[in-house]
Amino acid sequence: MTIDSTGRYSVATAVGLQMFDSTGRLGGVIAKRPNKFLSNASFAGPSLEYLHVTRADKVYCRKAKARGVVFYK
């Protein structure tokens with residue numbers, strides 16, 4: 001699970017990558033391929049502009065409109 005700068009959550013689930021707004025409403029789902037599970041979602045890159053999602057055997061990367069948020073310093 002990860003959060004972006006607008007407060008949206010991206011969660012790797014059995015359904016696929018689900019996106020929720022800051023109130024918890026489901027905003028969309030990127031479906032996963034059958035028989036493979038998603039295991040993680042996180043932002044990466046120099047400005048946290050890329051959303052990475054891991055699957056059992058692959059890593060997917062997509063440039064996002066919103067940036068990721070760092071929770072530590």
# chains A, B, ... in the order shown; residues from 1 in each chain; ligands from 1
$ residues_around --residues "A:Leu51" --least-positions-apart "3" --cutoff "8 Å" --atoms "only C-alpha atoms" --output "list in words"
Ala41, Ser42, Phe43, Ala44, Leu48, Cys61, Arg62, Lys63, Ala64 and Gly68 of chain A
$ select_by_dssp --residues "chain A" --states "strand (DSSP E or B)" --output "VMD selection string"
chain A and resid 2 to 4 9 to 12 16 to 20 26 to 31 38 to 44 50 to 55 59 to 63 68
$ residues_around --residues "stretch 30-36 of chain A" --least-positions-apart "4" --cutoff "10 Å" --atoms "only C-alpha atoms" --output "list of chain:residue names"
A:Ala12, A:Thr13, A:Ala14, A:Val15, A:Gly16, A:Leu17, A:Gln18, A:Met19, A:Arg55, A:Ala56, A:Asp57, A:Lys58
$ atom_distance --atom1 "atom CA of A:Gly24" --atom2 "atom CA of A:Ile3"
11.9 Å
$ atom_distance --atom1 "atom CA of A:Val70" --atom2 "atom CA of A:Asp21"
18.0 Å
$ atom_distance --atom1 "atom CA of A:Val69" --atom2 "atom CA of A:Asp4"
5.5 Å
$ closest_residue --among "A:Val29, A:Thr6, A:Leu38, A:Met1" --to "A:Ala66" --atoms "only C-alpha atoms"
A:Thr6
$ decode --residues "chain A" --atoms "C-alpha atoms" --output "CSV table (one decimal), in the first residue's frame"
chain,number,residue,atom,x,y,z
A,1,MET,CA,0.0,0.0,0.0
A,2,THR,CA,1.2,3.5,-0.7
A,3,ILE,CA,-0.2,7.1,-0.7
A,4,ASP,CA,0.3,10.0,-3.1
A,5,SER,CA,0.6,13.7,-2.5
A,6,THR,CA,-3.2,14.2,-3.1
A,7,GLY,CA,-4.1,11.7,-0.4
A,8,ARG,CA,-5.1,8.8,-2.7
A,9,TYR,CA,-4.2,5.3,-1.5
A,10,SER,CA,-3.0,2.6,-4.0
A,11,VAL,CA,-3.4,-0.9,-2.6
A,12,ALA,CA,-2.2,-4.2,-4.0
A,13,THR,CA,-5.1,-6.6,-3.5
A,14,ALA,CA,-6.3,-10.0,-4.7
A,15,VAL,CA,-8.5,-8.0,-7.2
A,16,GLY,CA,-5.7,-5.9,-8.6
A,17,LEU,CA,-4.3,-2.4,-7.8
A,18,GLN,CA,-7.2,-0.6,-6.2
A,19,MET,CA,-7.1,3.2,-5.8
A,20,PHE,CA,-9.0,5.0,-3.0
A,21,ASP,CA,-9.5,8.7,-2.4
A,22,SER,CA,-8.7,10.3,1.0
A,23,THR,CA,-12.2,9.5,2.3
A,24,GLY,CA,-11.8,5.8,1.5
A,25,ARG,CA,-14.1,5.7,-1.6
A,26,LEU,CA,-12.9,3.4,-4.4
A,27,GLY,CA,-11.8,5.4,-7.4
A,28,GLY,CA,-10.7,2.7,-9.7
A,29,VAL,CA,-9.1,-0.7,-10.2
A,30,ILE,CA,-6.3,-1.9,-12.5
A,31,ALA,CA,-7.1,-5.6,-12.9
A,32,LYS,CA,-4.4,-8.1,-12.3
A,33,ARG,CA,-3.6,-11.1,-14.6
A,34,PRO,CA,-5.2,-14.4,-13.6
A,35,ASN,CA,-3.3,-16.8,-11.3
A,36,LYS,CA,-0.8,-14.1,-10.2
A,37,PHE,CA,-1.0,-12.0,-7.0
A,38,LEU,CA,0.2,-8.4,-6.5
A,39,SER,CA,2.4,-8.1,-3.5
A,40,ASN,CA,3.4,-4.5,-3.1
A,41,ALA,CA,2.9,-0.9,-4.3
A,42,SER,CA,5.3,2.0,-3.8
A,43,PHE,CA,6.5,5.2,-5.4
A,44,ALA,CA,10.1,5.5,-6.6
A,45,GLY,CA,12.3,7.7,-8.8
A,46,PRO,CA,14.1,10.9,-8.2
A,47,SER,CA,10.9,12.8,-7.4
A,48,LEU,CA,8.7,9.9,-6.4
A,49,GLU,CA,6.9,10.2,-9.7
A,50,TYR,CA,6.8,6.5,-10.7
A,51,LEU,CA,4.4,4.0,-9.1
A,52,HIS,CA,5.9,0.5,-8.9
A,53,VAL,CA,3.8,-2.6,-8.4
A,54,THR,CA,5.3,-6.0,-7.8
A,55,ARG,CA,3.7,-9.3,-8.9
A,56,ALA,CA,4.8,-12.8,-8.1
A,57,ASP,CA,7.3,-12.7,-11.0
A,58,LYS,CA,7.4,-9.1,-12.4
A,59,VAL,CA,7.7,-5.5,-11.5
A,60,TYR,CA,5.4,-2.9,-13.2
A,61,CYS,CA,6.2,0.8,-13.4
A,62,ARG,CA,3.9,3.6,-14.4
A,63,LYS,CA,4.5,7.4,-14.3
A,64,ALA,CA,1.9,8.9,-12.1
A,65,LYS,CA,0.3,12.4,-12.2
A,66,ALA,CA,0.7,12.8,-8.5
A,67,ARG,CA,3.9,12.3,-6.6
A,68,GLY,CA,4.5,9.8,-3.7
A,69,VAL,CA,4.8,10.8,-0.1
A,70,VAL,CA,7.8,10.1,2.1
A,71,PHE,CA,6.9,9.2,5.7
A,72,TYR,CA,10.3,9.3,7.2
A,73,LYS,CA,13.2,11.8,7.2
